[in-house]
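Worksheet: one structure, shown below.
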Amino acid sequence: RVLVFLTGFCAGMVFFYLTGGQNAGAGGLLDGEHLAMLQDFEVNRLGLFEYVMGVRLRQFLFCTICALSSVGGLMAYSVMGWCGFEIGLLIFTLVYQYGMKGILLTFSMFFPQGIFYCILFLLIFRKYWTSDKKCCHKEMTVKRERNRQRMDRIKTVVLGLLMFCAGILCEVYINPEIMRKITLLFG
């Protein structure tokens, strides 16, 4: 998993260098004008909540459908590689624009909601990360195993919903304040 992510990250870095940093500079990604606007930006929490909920719900449903399909493993690794590519491209673009402060700006975009979304992603695709151990002993063991599997599924669904809700709440209520404080360093 880490190898796929890092391969995507390196591909994003190579893409940045092959394009010559064209998406950086004036009018580029988070240029000085955008950062100045973020410093004084007033957030409409309800509107942001509705927007984030809609976007993340579609992503959640897409990942869930992919996890239940026959190509779930391929999709899991594809999404992981694509995320690595995007983060690599974003980090190198912002480092090109702002130096080492660009790394801080990049991480402020994903913190703290990124932690919850990563856990949720790993939960959704968990059957592709763990080995499948099948063991049949006695009939009672099989019955207990079924009951344990049901409880594990319920716990996983509840934990997944908690991670989803915590990610959205962090993205709406905590992350804008973190972004505002970080952009003050660029003033």
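Identifiers for the structure tokens are assigned positionally: chains receive A, B, ... in sequence, residues are indexed from 1 per chain, and ligands are indexed from 1 in the order shown.
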For this session: Give me every helix (DSSP H, G or I) residue in stretch 17-183 of chain A, going by DSSP on the backbone, as number ranges by chain.
Result: A: 17-18, 32-39, 45-68, 72-98, 101-110, 113-124, 126-128, 139-183
Problem set entry | Neighbour list for A:Val43 as a PyMOL selection string, cut-off 10 Å, only C-alpha atoms, skip fewer than 5 positions in-chain | chain A and resi 38+48+172-173+176-177
For this session: Rank nothing, just name the residue among A:Gly84, A:Glu50, A:Ile65, A:Ala36 nearest to A:Gly8, using only C-alpha atoms.
Result: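 Of A:Gly84, A:Glu50, A:Ile65, A:Ala36, the one nearest A:Gly8 is A:Gly84, counting only C-alpha atoms.
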For this session: Identify which of the residues A:Phe116, A:Arg150, A:Ser108, A:Lys127 lies closest to A:Ala166, counting only C-alpha atoms when measuring atom-to-atom distances.
Result: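 With only C-alpha atoms as the atom set, the closest residue is A:Phe116.
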Problem set entry | Neighbour list for A:Phe16 as an MDAnalysis selection string, cut-off 12 Å, only C-alpha atoms, skip fewer than 2 positions in-chain | chainID A and resid 9:14 18:24 85:96
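Proximity of A:Arg1, A:Arg153, A:Arg58, A:Arg146 to A:Met80, computed with only C-alpha atoms, is greatest for A:Arg1.
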Exercise. What is the atom CA of A:Val158 to atom CA of A:Leu61 distance in Å?
Worked result: 15.5 Å
Problem set entry | 10 Å contact set for A:Leu162, only C-alpha atoms, chain neighbours under 5 positions out, as a list in words |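 Surrounding residues, per the criterion: Phe116, Leu120, Thr156, Val157, Gly167 and Ile168 of chain A.
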Exercise. Which is closest to A:Val79 among A:Ile115, A:Cys170, A:Val4, A:Met100, if we use only C-alpha atoms?
Worked result: A:Val4
Problem set entry | Nearest-residue call for A:Phe164, choices A:Phe107, A:Trp82, A:Tyr117, A:Tyr51, using only C-alpha atoms | A:Tyr117
Output as JSON lines one row per residue of stretch 34-79 of chain A within 10 Å of stretch 180-183 of chain A: the closest atom pair and its distance in Å to one decimal place, counting only C-alpha atoms, sorted by chain and residue number ascending.
{"residue": "A:His34", "atom": "CA", "partner": "A:Thr183", "partner_atom": "CA", "distance": 9.6}
{"residue": "A:Leu35", "atom": "CA", "partner": "A:Thr183", "partner_atom": "CA", "distance": 5.9}
{"residue": "A:Ala36", "atom": "CA", "partner": "A:Thr183", "partner_atom": "CA", "distance": 7.5}
{"residue": "A:Met37", "atom": "CA", "partner": "A:Thr183", "partner_atom": "CA", "distance": 9.3}
{"residue": "A:Leu38", "atom": "CA", "partner": "A:Arg180", "partner_atom": "CA", "distance": 6.0}
{"residue": "A:Gln39", "atom": "CA", "partner": "A:Arg180", "partner_atom": "CA", "distance": 5.1}
{"residue": "A:Asp40", "atom": "CA", "partner": "A:Arg180", "partner_atom": "CA", "distance": 7.7}
{"residue": "A:Phe41", "atom": "CA", "partner": "A:Arg180", "partner_atom": "CA", "distance": 7.8}
{"residue": "A:Glu42", "atom": "CA", "partner": "A:Arg180", "partner_atom": "CA", "distance": 9.8}
Take the residues from that selection and write them out as a CSV table (one decimal), in the first residue's frame, keeping N, CA and C atoms.
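Generated file (selection-v6.csv):
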chain,number,residue,atom,x,y,z
A,34,HIS,N,-4.6,34.7,-3.5
A,34,HIS,CA,-5.4,33.7,-2.8
A,34,HIS,C,-5.1,33.6,-1.3
A,35,LEU,N,-3.9,33.6,-1.0
A,35,LEU,CA,-3.5,33.5,0.4
A,35,LEU,C,-4.0,34.7,1.2
A,36,ALA,N,-3.9,35.9,0.6
A,36,ALA,CA,-4.4,37.1,1.3
A,36,ALA,C,-5.9,37.0,1.5
A,37,MET,N,-6.6,36.5,0.5
A,37,MET,CA,-8.1,36.3,0.7
A,37,MET,C,-8.4,35.3,1.8
A,38,LEU,N,-7.6,34.2,1.9
A,38,LEU,CA,-7.8,33.2,2.9
A,38,LEU,C,-7.6,33.8,4.3
A,39,GLN,N,-6.7,34.8,4.4
A,39,GLN,CA,-6.4,35.4,5.8
A,39,GLN,C,-7.7,36.1,6.3
A,40,ASP,N,-8.5,36.7,5.5
A,40,ASP,CA,-9.6,37.5,5.9
A,40,ASP,C,-10.9,36.8,5.5
A,41,PHE,N,-10.9,35.6,5.2
A,41,PHE,CA,-12.1,34.8,4.7
A,41,PHE,C,-13.0,34.5,5.8
A,42,GLU,N,-14.3,34.9,5.7
A,42,GLU,CA,-15.3,34.5,6.6
A,42,GLU,C,-16.1,33.3,6.1
